[in-house]
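*Asks:* Structure incoming, see below.
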Amino acid sequence: VRALVGGTSYQTNKFNRVTQARRQPGSTFKTLVYAAAFEQGMQPETVRFDEPVVIQGWSPQNYDEGFRGAVTLRTAFTHSLNTVAAEIAEEIGQQRVVDLARRFGISTPLEPVPSLALGAYEVTVWDMAQAFAVFMNEGARVQAHVIQRIENARGDVLFDMETGQPPLVYATELAHKMNGMMAGVIEDGTGTRANLPGRDVAGKTGTSQDWRDAWFVGYTADLTGAVWVGYDDFSRMPRITGGATPAEIWSDVMVVAHRGLPARELPGHDLRAIRGRNSALGRFYAGLAAEFSRTDAPTEIAEPPPASFFRRR
C-alpha cells in the first residue's frame, strides 16, 4: 500500500476509516456480482431486462426510478442499473457472489440475500481496494500490506513480507472483460469525473441509500485506489454521489501518484470497440423494447448490429 488516509486529523480522532470503518459500498459491489456472472457464462453483450422485478418480496428501484427495457450487461453496468444487478445475482445464486467476494479479499460478514447485489452489507475501504486490484493484476490476488521490510541499525532483517507468487483467483480472460466493462463506466457512464487523460482507467461508482456513503474504486495498469466519503454518524450527505466528490478525489490523487510513470495499457480496455458496441446494441435494444411496449401499429425498428457484436471476444 503506497498511501493510506484514514481521517482528516490523527490528533483529534485516531479512528482509521480505511481499515476500521464498515460502510455500505452501494453500487461498487455490483462489480463483484458481474464478475461472478461472467464465471457462469454470461458475457458483456448478454441481454437482460431492466423492468420492475420482485425477488423474495423485495423490489429494487433504479436511481432515476425509470426502466430501459432490454439492455446488455455492459449497458446495465455502465449506467449502474439496480434491477439488472439484482436479477443476475438471483439467477446465478447470491452464494456465488459471496464466494467470489471472499476469494477477492472481502473479509467482513456477507449473507447470500437479494440486497447483497446492491451493496447492502458493510465493507472496508481496505478490502474494496484489495478486491479491485484483482482486475488490475489480471486475476491474481496480492495480499495488501503496509510494511515490506524491517531492519535494525546493524542491518539485521527483523521482518520481511514474503508475498511469493500471487494466487490466481479469477480467470485472466474474464478479468480483461471486466476491464472493458469498467472502462465504459469512465467513458460514458457514472464515473466520467475519474478520467485521467492519456491513461487507461477502469472503475465503479457507488452511492448507498439516502446518500450516507459515496464511493469510487478504480485502477490503472499500475495502481488501484479506493475513495469513500461520508459522515461517521451515518447521517445524510447533501446528495453526494460516487461519481462526484469521490471520483474527483480519486482523479486528483492519481494524477500525482502517476507522475513519472509511463502510460500502460489495461488489457480489454478498448474504448473504440466499447463505444461501437454500446452505440449499435443500445439503439437496437432500445428500439426493440419501445416497439414491444406499443399498442398501435408497429413502426420501423433499428437494424440489429452485425453478428460480430455478439461473438465472444
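Scheme for the C-alpha cells: letters A, B, ... for chains in order shown; per-chain residue numbers from 1; ligand numbers from 1 in order shown.
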Tell me which protein, DNA and RNA residues are within 8 Å of Ser115 in chain A, counting only C-alpha atoms, leaving out same-chain ones fewer than 4 positions away, and put them as a list in words.

*Replies:*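 In the requested form, the answer reads Ala86, Gly119 and Ala120 of chain A.
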
*Asks:* Excluding same-chain residues fewer than 3 positions from Ile88 in chain A, what lies within 12 Å of it counting only C-alpha atoms, as a PDB file with all heavy atoms, in the first residue's frame?

*Replies:*
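Output file selection37.pdb is given in full below:
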```pdb
ATOM      1  N   LYS A  30     -21.547  -4.081  -7.126  1.00  0.00           N
ATOM      2  CA  LYS A  30     -22.054  -4.726  -8.341  1.00  0.00           C
ATOM      3  C   LYS A  30     -20.920  -5.302  -9.184  1.00  0.00           C
ATOM      4  O   LYS A  30     -21.128  -6.250  -9.951  1.00  0.00           O
ATOM      5  CB  LYS A  30     -22.839  -3.733  -9.190  1.00  0.00           C
ATOM      6  CG  LYS A  30     -24.151  -3.272  -8.584  1.00  0.00           C
ATOM      7  CD  LYS A  30     -24.779  -2.201  -9.462  1.00  0.00           C
ATOM      8  CE  LYS A  30     -26.025  -1.609  -8.823  1.00  0.00           C
ATOM      9  NZ  LYS A  30     -26.548  -0.457  -9.596  1.00  0.00           N
ATOM     10  N   LEU A  32     -18.498  -7.087  -8.284  1.00  0.00           N
ATOM     11  CA  LEU A  32     -18.296  -8.485  -7.912  1.00  0.00           C
ATOM     12  C   LEU A  32     -19.456  -9.352  -8.377  1.00  0.00           C
ATOM     13  O   LEU A  32     -19.277 -10.530  -8.685  1.00  0.00           O
ATOM     14  CB  LEU A  32     -18.106  -8.594  -6.400  1.00  0.00           C
ATOM     15  CG  LEU A  32     -16.984  -7.715  -5.817  1.00  0.00           C
ATOM     16  CD1 LEU A  32     -16.829  -7.971  -4.324  1.00  0.00           C
ATOM     17  CD2 LEU A  32     -15.668  -7.946  -6.544  1.00  0.00           C
ATOM     18  N   VAL A  33     -20.650  -8.775  -8.456  1.00  0.00           N
ATOM     19  CA  VAL A  33     -21.807  -9.508  -8.978  1.00  0.00           C
ATOM     20  C   VAL A  33     -21.585  -9.858 -10.452  1.00  0.00           C
ATOM     21  O   VAL A  33     -21.779 -11.007 -10.877  1.00  0.00           O
ATOM     22  CB  VAL A  33     -23.094  -8.677  -8.816  1.00  0.00           C
ATOM     23  CG1 VAL A  33     -24.273  -9.383  -9.485  1.00  0.00           C
ATOM     24  CG2 VAL A  33     -23.393  -8.430  -7.343  1.00  0.00           C
ATOM     25  N   TYR A  34     -21.184  -8.875 -11.240  1.00  0.00           N
ATOM     26  CA  TYR A  34     -20.949  -9.116 -12.662  1.00  0.00           C
ATOM     27  C   TYR A  34     -19.759 -10.047 -12.873  1.00  0.00           C
ATOM     28  O   TYR A  34     -19.777 -10.889 -13.778  1.00  0.00           O
ATOM     29  CB  TYR A  34     -20.732  -7.789 -13.390  1.00  0.00           C
ATOM     30  CG  TYR A  34     -22.015  -7.045 -13.670  1.00  0.00           C
ATOM     31  CD1 TYR A  34     -22.636  -6.287 -12.685  1.00  0.00           C
ATOM     32  CD2 TYR A  34     -22.624  -7.107 -14.922  1.00  0.00           C
ATOM     33  CE1 TYR A  34     -23.824  -5.604 -12.929  1.00  0.00           C
ATOM     34  CE2 TYR A  34     -23.809  -6.433 -15.185  1.00  0.00           C
ATOM     35  CZ  TYR A  34     -24.406  -5.687 -14.178  1.00  0.00           C
ATOM     36  OH  TYR A  34     -25.576  -5.029 -14.426  1.00  0.00           O
ATOM     37  N   ALA A  35     -18.738  -9.918 -12.052  1.00  0.00           N
ATOM     38  CA  ALA A  35     -17.585 -10.820 -12.165  1.00  0.00           C
ATOM     39  C   ALA A  35     -18.016 -12.259 -11.927  1.00  0.00           C
ATOM     40  O   ALA A  35     -17.572 -13.179 -12.632  1.00  0.00           O
ATOM     41  CB  ALA A  35     -16.501 -10.412 -11.170  1.00  0.00           C
ATOM     42  N   ALA A  36     -18.880 -12.474 -10.950  1.00  0.00           N
ATOM     43  CA  ALA A  36     -19.388 -13.825 -10.690  1.00  0.00           C
ATOM     44  C   ALA A  36     -20.268 -14.310 -11.830  1.00  0.00           C
ATOM     45  O   ALA A  36     -20.246 -15.493 -12.195  1.00  0.00           O
ATOM     46  CB  ALA A  36     -20.158 -13.846  -9.366  1.00  0.00           C
ATOM     47  N   ALA A  37     -21.053 -13.401 -12.425  1.00  0.00           N
ATOM     48  CA  ALA A  37     -21.914 -13.780 -13.547  1.00  0.00           C
ATOM     49  C   ALA A  37     -21.090 -14.227 -14.748  1.00  0.00           C
ATOM     50  O   ALA A  37     -21.468 -15.170 -15.458  1.00  0.00           O
ATOM     51  CB  ALA A  37     -22.811 -12.604 -13.923  1.00  0.00           C
ATOM     52  N   PHE A  38     -19.958 -13.578 -14.982  1.00  0.00           N
ATOM     53  CA  PHE A  38     -19.091 -13.974 -16.090  1.00  0.00           C
ATOM     54  C   PHE A  38     -18.545 -15.384 -15.871  1.00  0.00           C
ATOM     55  O   PHE A  38     -18.347 -16.135 -16.831  1.00  0.00           O
ATOM     56  CB  PHE A  38     -17.944 -12.983 -16.247  1.00  0.00           C
ATOM     57  CG  PHE A  38     -18.351 -11.677 -16.898  1.00  0.00           C
ATOM     58  CD1 PHE A  38     -19.662 -11.428 -17.266  1.00  0.00           C
ATOM     59  CD2 PHE A  38     -17.411 -10.686 -17.138  1.00  0.00           C
ATOM     60  CE1 PHE A  38     -20.039 -10.237 -17.867  1.00  0.00           C
ATOM     61  CE2 PHE A  38     -17.766  -9.493 -17.740  1.00  0.00           C
ATOM     62  CZ  PHE A  38     -19.087  -9.268 -18.100  1.00  0.00           C
ATOM     63  N   GLN A  40     -20.135 -17.728 -14.691  1.00  0.00           N
ATOM     64  CA  GLN A  40     -21.235 -18.639 -15.006  1.00  0.00           C
ATOM     65  C   GLN A  40     -21.633 -18.588 -16.474  1.00  0.00           C
ATOM     66  O   GLN A  40     -22.687 -19.099 -16.862  1.00  0.00           O
ATOM     67  CB  GLN A  40     -22.437 -18.328 -14.121  1.00  0.00           C
ATOM     68  CG  GLN A  40     -22.161 -18.458 -12.632  1.00  0.00           C
ATOM     69  CD  GLN A  40     -21.550 -19.800 -12.283  1.00  0.00           C
ATOM     70  OE1 GLN A  40     -22.080 -20.853 -12.648  1.00  0.00           O
ATOM     71  NE2 GLN A  40     -20.429 -19.774 -11.565  1.00  0.00           N
ATOM     72  N   GLY A  41     -20.798 -17.951 -17.307  1.00  0.00           N
ATOM     73  CA  GLY A  41     -21.012 -17.988 -18.748  1.00  0.00           C
ATOM     74  C   GLY A  41     -21.650 -16.759 -19.354  1.00  0.00           C
ATOM     75  O   GLY A  41     -21.796 -16.682 -20.580  1.00  0.00           O
ATOM     76  N   MET A  42     -22.041 -15.789 -18.549  1.00  0.00           N
ATOM     77  CA  MET A  42     -22.602 -14.562 -19.126  1.00  0.00           C
ATOM     78  C   MET A  42     -21.494 -13.740 -19.774  1.00  0.00           C
ATOM     79  O   MET A  42     -20.307 -13.912 -19.472  1.00  0.00           O
ATOM     80  CB  MET A  42     -23.315 -13.738 -18.051  1.00  0.00           C
ATOM     81  CG  MET A  42     -24.552 -14.409 -17.485  1.00  0.00           C
ATOM     82  SD  MET A  42     -25.508 -13.303 -16.417  1.00  0.00           S
ATOM     83  CE  MET A  42     -26.668 -14.474 -15.699  1.00  0.00           C
ATOM     84  N   GLN A  43     -21.886 -12.853 -20.687  1.00  0.00           N
ATOM     85  CA  GLN A  43     -20.957 -12.034 -21.447  1.00  0.00           C
ATOM     86  C   GLN A  43     -21.373 -10.569 -21.360  1.00  0.00           C
ATOM     87  O   GLN A  43     -22.520 -10.258 -21.014  1.00  0.00           O
ATOM     88  CB  GLN A  43     -20.965 -12.472 -22.915  1.00  0.00           C
ATOM     89  CG  GLN A  43     -20.576 -13.915 -23.154  1.00  0.00           C
ATOM     90  CD  GLN A  43     -19.113 -14.163 -22.882  1.00  0.00           C
ATOM     91  OE1 GLN A  43     -18.279 -13.293 -23.073  1.00  0.00           O
ATOM     92  NE2 GLN A  43     -18.787 -15.370 -22.433  1.00  0.00           N
ATOM     93  N   THR A  46     -24.527 -10.094 -23.172  1.00  0.00           N
ATOM     94  CA  THR A  46     -25.714 -10.830 -22.736  1.00  0.00           C
ATOM     95  C   THR A  46     -26.840  -9.835 -22.438  1.00  0.00           C
ATOM     96  O   THR A  46     -26.601  -8.776 -21.859  1.00  0.00           O
ATOM     97  CB  THR A  46     -25.400 -11.656 -21.473  1.00  0.00           C
ATOM     98  OG1 THR A  46     -24.422 -12.650 -21.796  1.00  0.00           O
ATOM     99  CG2 THR A  46     -26.646 -12.345 -20.939  1.00  0.00           C
ATOM    100  N   VAL A  47     -28.052 -10.174 -22.846  1.00  0.00           N
ATOM    101  CA  VAL A  47     -29.189  -9.254 -22.687  1.00  0.00           C
ATOM    102  C   VAL A  47     -30.069  -9.674 -21.514  1.00  0.00           C
ATOM    103  O   VAL A  47     -30.408 -10.845 -21.366  1.00  0.00           O
ATOM    104  CB  VAL A  47     -30.036  -9.193 -23.976  1.00  0.00           C
ATOM    105  CG1 VAL A  47     -31.278  -8.309 -23.777  1.00  0.00           C
ATOM    106  CG2 VAL A  47     -29.201  -8.671 -25.132  1.00  0.00           C
ATOM    107  N   ARG A  48     -30.397  -8.705 -20.681  1.00  0.00           N
ATOM    108  CA  ARG A  48     -31.385  -8.884 -19.628  1.00  0.00           C
ATOM    109  C   ARG A  48     -32.326  -7.681 -19.664  1.00  0.00           C
ATOM    110  O   ARG A  48     -32.081  -6.727 -20.374  1.00  0.00           O
ATOM    111  CB  ARG A  48     -30.709  -9.010 -18.254  1.00  0.00           C
ATOM    112  CG  ARG A  48     -29.936 -10.311 -18.066  1.00  0.00           C
ATOM    113  CD  ARG A  48     -30.861 -11.509 -18.102  1.00  0.00           C
ATOM    114  NE  ARG A  48     -30.151 -12.776 -17.900  1.00  0.00           N
ATOM    115  CZ  ARG A  48     -29.685 -13.535 -18.871  1.00  0.00           C
ATOM    116  NH1 ARG A  48     -29.822 -13.137 -20.146  1.00  0.00           N
ATOM    117  NH2 ARG A  48     -29.076 -14.676 -18.604  1.00  0.00           N
ATOM    118  N   PHE A  49     -33.407  -7.742 -18.884  1.00  0.00           N
ATOM    119  CA  PHE A  49     -34.413  -6.686 -18.945  1.00  0.00           C
ATOM    120  C   PHE A  49     -34.382  -5.803 -17.708  1.00  0.00           C
ATOM    121  O   PHE A  49     -34.417  -6.306 -16.579  1.00  0.00           O
ATOM    122  CB  PHE A  49     -35.804  -7.302 -19.124  1.00  0.00           C
ATOM    123  CG  PHE A  49     -36.053  -7.807 -20.508  1.00  0.00           C
ATOM    124  CD1 PHE A  49     -35.657  -9.089 -20.864  1.00  0.00           C
ATOM    125  CD2 PHE A  49     -36.634  -7.000 -21.469  1.00  0.00           C
ATOM    126  CE1 PHE A  49     -35.858  -9.570 -22.144  1.00  0.00           C
ATOM    127  CE2 PHE A  49     -36.834  -7.460 -22.751  1.00  0.00           C
ATOM    128  CZ  PHE A  49     -36.445  -8.748 -23.100  1.00  0.00           C
ATOM    129  N   ASP A  50     -34.281  -4.513 -17.955  1.00  0.00           N
ATOM    130  CA  ASP A  50     -34.438  -3.520 -16.899  1.00  0.00           C
ATOM    131  C   ASP A  50     -35.929  -3.221 -16.796  1.00  0.00           C
ATOM    132  O   ASP A  50     -36.488  -2.486 -17.608  1.00  0.00           O
ATOM    133  CB  ASP A  50     -33.647  -2.253 -17.256  1.00  0.00           C
ATOM    134  CG  ASP A  50     -33.852  -1.139 -16.247  1.00  0.00           C
ATOM    135  OD1 ASP A  50     -34.192  -1.442 -15.084  1.00  0.00           O
ATOM    136  OD2 ASP A  50     -33.685   0.050 -16.623  1.00  0.00           O
ATOM    137  N   VAL A  53     -39.147  -5.679 -10.928  1.00  0.00           N
ATOM    138  CA  VAL A  53     -38.852  -7.057 -10.547  1.00  0.00           C
ATOM    139  C   VAL A  53     -39.078  -7.202  -9.044  1.00  0.00           C
ATOM    140  O   VAL A  53     -38.839  -6.271  -8.268  1.00  0.00           O
ATOM    141  CB  VAL A  53     -37.397  -7.429 -10.917  1.00  0.00           C
ATOM    142  CG1 VAL A  53     -36.403  -6.509 -10.218  1.00  0.00           C
ATOM    143  CG2 VAL A  53     -37.099  -8.880 -10.589  1.00  0.00           C
ATOM    144  N   ILE A  55     -38.071  -9.881  -5.962  1.00  0.00           N
ATOM    145  CA  ILE A  55     -37.244 -11.022  -5.587  1.00  0.00           C
ATOM    146  C   ILE A  55     -37.437 -11.281  -4.099  1.00  0.00           C
ATOM    147  O   ILE A  55     -37.045 -10.451  -3.266  1.00  0.00           O
ATOM    148  CB  ILE A  55     -35.758 -10.759  -5.881  1.00  0.00           C
ATOM    149  CG1 ILE A  55     -35.552 -10.433  -7.367  1.00  0.00           C
ATOM    150  CG2 ILE A  55     -34.906 -11.955  -5.479  1.00  0.00           C
ATOM    151  CD1 ILE A  55     -34.142  -9.982  -7.697  1.00  0.00           C
ATOM    152  N   THR A  72     -28.014  -4.684 -22.649  1.00  0.00           N
ATOM    153  CA  THR A  72     -26.887  -5.593 -22.464  1.00  0.00           C
ATOM    154  C   THR A  72     -26.348  -5.418 -21.051  1.00  0.00           C
ATOM    155  O   THR A  72     -26.571  -4.397 -20.397  1.00  0.00           O
ATOM    156  CB  THR A  72     -25.766  -5.308 -23.470  1.00  0.00           C
ATOM    157  OG1 THR A  72     -25.258  -3.989 -23.233  1.00  0.00           O
ATOM    158  CG2 THR A  72     -26.273  -5.421 -24.905  1.00  0.00           C
ATOM    159  N   LEU A  73     -25.617  -6.424 -20.574  1.00  0.00           N
ATOM    160  CA  LEU A  73     -24.994  -6.297 -19.260  1.00  0.00           C
ATOM    161  C   LEU A  73     -24.007  -5.136 -19.251  1.00  0.00           C
ATOM    162  O   LEU A  73     -23.841  -4.460 -18.232  1.00  0.00           O
ATOM    163  CB  LEU A  73     -24.280  -7.595 -18.875  1.00  0.00           C
ATOM    164  CG  LEU A  73     -25.149  -8.845 -18.698  1.00  0.00           C
ATOM    165  CD1 LEU A  73     -24.356  -9.939 -17.999  1.00  0.00           C
ATOM    166  CD2 LEU A  73     -26.434  -8.550 -17.950  1.00  0.00           C
ATOM    167  N   ALA A  76     -26.079  -2.045 -18.701  1.00  0.00           N
ATOM    168  CA  ALA A  76     -26.612  -2.057 -17.341  1.00  0.00           C
ATOM    169  C   ALA A  76     -25.535  -1.698 -16.327  1.00  0.00           C
ATOM    170  O   ALA A  76     -25.785  -0.960 -15.362  1.00  0.00           O
ATOM    171  CB  ALA A  76     -27.196  -3.428 -17.023  1.00  0.00           C
ATOM    172  N   PHE A  77     -24.320  -2.185 -16.546  1.00  0.00           N
ATOM    173  CA  PHE A  77     -23.218  -1.890 -15.639  1.00  0.00           C
ATOM    174  C   PHE A  77     -22.754  -0.446 -15.788  1.00  0.00           C
ATOM    175  O   PHE A  77     -22.535   0.255 -14.793  1.00  0.00           O
ATOM    176  CB  PHE A  77     -22.056  -2.849 -15.919  1.00  0.00           C
ATOM    177  CG  PHE A  77     -20.921  -2.729 -14.948  1.00  0.00           C
ATOM    178  CD1 PHE A  77     -20.989  -3.332 -13.701  1.00  0.00           C
ATOM    179  CD2 PHE A  77     -19.767  -2.022 -15.271  1.00  0.00           C
ATOM    180  CE1 PHE A  77     -19.943  -3.230 -12.797  1.00  0.00           C
ATOM    181  CE2 PHE A  77     -18.717  -1.912 -14.387  1.00  0.00           C
ATOM    182  CZ  PHE A  77     -18.801  -2.523 -13.142  1.00  0.00           C
ATOM    183  N   LEU A  81     -27.582   0.049 -13.357  1.00  0.00           N
ATOM    184  CA  LEU A  81     -28.996  -0.288 -13.201  1.00  0.00           C
ATOM    185  C   LEU A  81     -29.168  -1.319 -12.079  1.00  0.00           C
ATOM    186  O   LEU A  81     -28.608  -2.416 -12.135  1.00  0.00           O
ATOM    187  CB  LEU A  81     -29.558  -0.832 -14.514  1.00  0.00           C
ATOM    188  CG  LEU A  81     -29.446   0.107 -15.723  1.00  0.00           C
ATOM    189  CD1 LEU A  81     -30.074  -0.542 -16.953  1.00  0.00           C
ATOM    190  CD2 LEU A  81     -30.103   1.460 -15.431  1.00  0.00           C
ATOM    191  N   ASN A  82     -29.937  -0.966 -11.087  1.00  0.00           N
ATOM    192  CA  ASN A  82     -30.107  -1.830  -9.921  1.00  0.00           C
ATOM    193  C   ASN A  82     -30.885  -3.103 -10.235  1.00  0.00           C
ATOM    194  O   ASN A  82     -30.572  -4.180  -9.724  1.00  0.00           O
ATOM    195  CB  ASN A  82     -30.828  -1.066  -8.809  1.00  0.00           C
ATOM    196  CG  ASN A  82     -29.968   0.019  -8.200  1.00  0.00           C
ATOM    197  OD1 ASN A  82     -28.745  -0.023  -8.263  1.00  0.00           O
ATOM    198  ND2 ASN A  82     -30.619   1.013  -7.616  1.00  0.00           N
ATOM    199  N   THR A  83     -31.912  -2.982 -11.069  1.00  0.00           N
ATOM    200  CA  THR A  83     -32.773  -4.133 -11.346  1.00  0.00           C
ATOM    201  C   THR A  83     -31.998  -5.272 -11.993  1.00  0.00           C
ATOM    202  O   THR A  83     -32.162  -6.436 -11.626  1.00  0.00           O
ATOM    203  CB  THR A  83     -33.935  -3.727 -12.260  1.00  0.00           C
ATOM    204  OG1 THR A  83     -33.400  -3.150 -13.462  1.00  0.00           O
ATOM    205  CG2 THR A  83     -34.832  -2.710 -11.583  1.00  0.00           C
ATOM    206  N   VAL A  84     -31.136  -4.944 -12.943  1.00  0.00           N
ATOM    207  CA  VAL A  84     -30.390  -5.980 -13.664  1.00  0.00           C
ATOM    208  C   VAL A  84     -29.383  -6.647 -12.746  1.00  0.00           C
ATOM    209  O   VAL A  84     -29.223  -7.876 -12.762  1.00  0.00           O
ATOM    210  CB  VAL A  84     -29.704  -5.391 -14.908  1.00  0.00           C
ATOM    211  CG1 VAL A  84     -28.860  -6.449 -15.611  1.00  0.00           C
ATOM    212  CG2 VAL A  84     -30.746  -4.819 -15.872  1.00  0.00           C
ATOM    213  N   ALA A  85     -28.675  -5.869 -11.929  1.00  0.00           N
ATOM    214  CA  ALA A  85     -27.710  -6.455 -10.991  1.00  0.00           C
ATOM    215  C   ALA A  85     -28.404  -7.413 -10.031  1.00  0.00           C
ATOM    216  O   ALA A  85     -27.899  -8.512  -9.749  1.00  0.00           O
ATOM    217  CB  ALA A  85     -26.997  -5.350 -10.220  1.00  0.00           C
ATOM    218  N   GLU A  91     -30.204 -14.980 -10.428  1.00  0.00           N
ATOM    219  CA  GLU A  91     -30.101 -16.020 -11.460  1.00  0.00           C
ATOM    220  C   GLU A  91     -28.938 -16.969 -11.201  1.00  0.00           C
ATOM    221  O   GLU A  91     -29.068 -18.197 -11.324  1.00  0.00           O
ATOM    222  CB  GLU A  91     -29.951 -15.366 -12.824  1.00  0.00           C
ATOM    223  CG  GLU A  91     -29.945 -16.326 -13.986  1.00  0.00           C
ATOM    224  CD  GLU A  91     -29.904 -15.618 -15.329  1.00  0.00           C
ATOM    225  OE1 GLU A  91     -30.288 -14.423 -15.402  1.00  0.00           O
ATOM    226  OE2 GLU A  91     -29.495 -16.262 -16.311  1.00  0.00           O
ATOM    227  N   ILE A  92     -27.784 -16.423 -10.848  1.00  0.00           N
ATOM    228  CA  ILE A  92     -26.614 -17.279 -10.622  1.00  0.00           C
ATOM    229  C   ILE A  92     -26.552 -17.786  -9.187  1.00  0.00           C
ATOM    230  O   ILE A  92     -25.824 -18.746  -8.896  1.00  0.00           O
ATOM    231  CB  ILE A  92     -25.298 -16.547 -10.969  1.00  0.00           C
ATOM    232  CG1 ILE A  92     -25.044 -15.392 -10.000  1.00  0.00           C
ATOM    233  CG2 ILE A  92     -25.305 -16.059 -12.413  1.00  0.00           C
ATOM    234  CD1 ILE A  92     -23.686 -14.730 -10.172  1.00  0.00           C
ATOM    235  N   GLY A  93     -27.293 -17.149  -8.289  1.00  0.00           N
ATOM    236  CA  GLY A  93     -27.269 -17.513  -6.879  1.00  0.00           C
ATOM    237  C   GLY A  93     -26.367 -16.583  -6.084  1.00  0.00           C
ATOM    238  O   GLY A  93     -25.180 -16.443  -6.410  1.00  0.00           O
ATOM    239  N   GLN A  94     -26.913 -15.966  -5.074  1.00  0.00           N
ATOM    240  CA  GLN A  94     -26.130 -14.998  -4.300  1.00  0.00           C
ATOM    241  C   GLN A  94     -24.926 -15.624  -3.606  1.00  0.00           C
ATOM    242  O   GLN A  94     -23.928 -14.951  -3.352  1.00  0.00           O
ATOM    243  CB  GLN A  94     -27.010 -14.303  -3.251  1.00  0.00           C
ATOM    244  CG  GLN A  94     -28.006 -13.312  -3.821  1.00  0.00           C
ATOM    245  CD  GLN A  94     -29.342 -13.948  -4.142  1.00  0.00           C
ATOM    246  OE1 GLN A  94     -29.529 -15.156  -3.936  1.00  0.00           O
ATOM    247  NE2 GLN A  94     -30.297 -13.163  -4.642  1.00  0.00           N
ATOM    248  N   ARG A  96     -22.795 -17.590  -4.868  1.00  0.00           N
ATOM    249  CA  ARG A  96     -21.638 -17.494  -5.760  1.00  0.00           C
ATOM    250  C   ARG A  96     -20.994 -16.111  -5.663  1.00  0.00           C
ATOM    251  O   ARG A  96     -19.772 -15.985  -5.788  1.00  0.00           O
ATOM    252  CB  ARG A  96     -22.059 -17.789  -7.196  1.00  0.00           C
ATOM    253  CG  ARG A  96     -22.327 -19.260  -7.485  1.00  0.00           C
ATOM    254  CD  ARG A  96     -22.372 -19.537  -8.979  1.00  0.00           C
ATOM    255  NE  ARG A  96     -22.380 -20.966  -9.250  1.00  0.00           N
ATOM    256  CZ  ARG A  96     -23.465 -21.680  -9.507  1.00  0.00           C
ATOM    257  NH1 ARG A  96     -24.661 -21.080  -9.503  1.00  0.00           N
ATOM    258  NH2 ARG A  96     -23.386 -22.975  -9.760  1.00  0.00           N
ATOM    259  N   VAL A  97     -21.810 -15.093  -5.453  1.00  0.00           N
ATOM    260  CA  VAL A  97     -21.267 -13.739  -5.291  1.00  0.00           C
ATOM    261  C   VAL A  97     -20.479 -13.655  -3.977  1.00  0.00           C
ATOM    262  O   VAL A  97     -19.384 -13.092  -3.936  1.00  0.00           O
ATOM    263  CB  VAL A  97     -22.391 -12.688  -5.310  1.00  0.00           C
ATOM    264  CG1 VAL A  97     -21.816 -11.285  -5.127  1.00  0.00           C
ATOM    265  CG2 VAL A  97     -23.180 -12.780  -6.609  1.00  0.00           C
ATOM    266  N   PRO A 114     -30.924 -11.226  -1.461  1.00  0.00           N
ATOM    267  CA  PRO A 114     -31.074 -10.411  -2.669  1.00  0.00           C
ATOM    268  C   PRO A 114     -30.408  -9.038  -2.601  1.00  0.00           C
ATOM    269  O   PRO A 114     -29.783  -8.599  -3.571  1.00  0.00           O
ATOM    270  CB  PRO A 114     -32.595 -10.291  -2.818  1.00  0.00           C
ATOM    271  CG  PRO A 114     -33.124 -11.548  -2.218  1.00  0.00           C
ATOM    272  CD  PRO A 114     -32.222 -11.828  -1.047  1.00  0.00           C
ATOM    273  N   LEU A 116     -27.788  -8.116  -1.253  1.00  0.00           N
ATOM    274  CA  LEU A 116     -26.331  -8.187  -1.355  1.00  0.00           C
ATOM    275  C   LEU A 116     -25.848  -7.585  -2.670  1.00  0.00           C
ATOM    276  O   LEU A 116     -24.821  -6.904  -2.717  1.00  0.00           O
ATOM    277  CB  LEU A 116     -25.886  -9.653  -1.262  1.00  0.00           C
ATOM    278  CG  LEU A 116     -24.415  -9.949  -1.589  1.00  0.00           C
ATOM    279  CD1 LEU A 116     -23.522  -9.532  -0.421  1.00  0.00           C
ATOM    280  CD2 LEU A 116     -24.226 -11.442  -1.888  1.00  0.00           C
ATOM    281  N   ALA A 117     -26.606  -7.804  -3.748  1.00  0.00           N
ATOM    282  CA  ALA A 117     -26.193  -7.364  -5.082  1.00  0.00           C
ATOM    283  C   ALA A 117     -26.027  -5.860  -5.184  1.00  0.00           C
ATOM    284  O   ALA A 117     -25.250  -5.372  -6.010  1.00  0.00           O
ATOM    285  CB  ALA A 117     -27.209  -7.836  -6.128  1.00  0.00           C
ATOM    286  N   LEU A 118     -26.753  -5.113  -4.348  1.00  0.00           N
ATOM    287  CA  LEU A 118     -26.693  -3.654  -4.414  1.00  0.00           C
ATOM    288  C   LEU A 118     -25.841  -3.058  -3.303  1.00  0.00           C
ATOM    289  O   LEU A 118     -25.922  -1.855  -3.026  1.00  0.00           O
ATOM    290  CB  LEU A 118     -28.116  -3.076  -4.358  1.00  0.00           C
ATOM    291  CG  LEU A 118     -29.101  -3.609  -5.403  1.00  0.00           C
ATOM    292  CD1 LEU A 118     -30.383  -2.804  -5.368  1.00  0.00           C
ATOM    293  CD2 LEU A 118     -28.487  -3.598  -6.800  1.00  0.00           C
TER     294      LEU A 118
END
```

*Asks:* For Ser235 in chain A, list every protein, DNA or RNA residue within 12 Å, evaluated using only C-alpha atoms, and leave out those in the same chain fewer than 3 positions away; present the list as a list in words.

*Replies:*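 Final neighbour list, sorted by chain and number: Ser208, Gln209, Asp210, Trp211, Arg212, Asp213, Val229, Gly230, Tyr231, Asp232, Pro238 and Arg239 of chain A.
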
*Asks:* Report as a list of chain:residue names: the residues of range 41-76 of chain A with a DSSP assignment of alpha helix (DSSP H), based on the backbone of this structure.

*Replies:*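 Here are the alpha helix (DSSP H) residues of range 41-76 of chain A: A:Leu73, A:Arg74, A:Thr75, A:Ala76.
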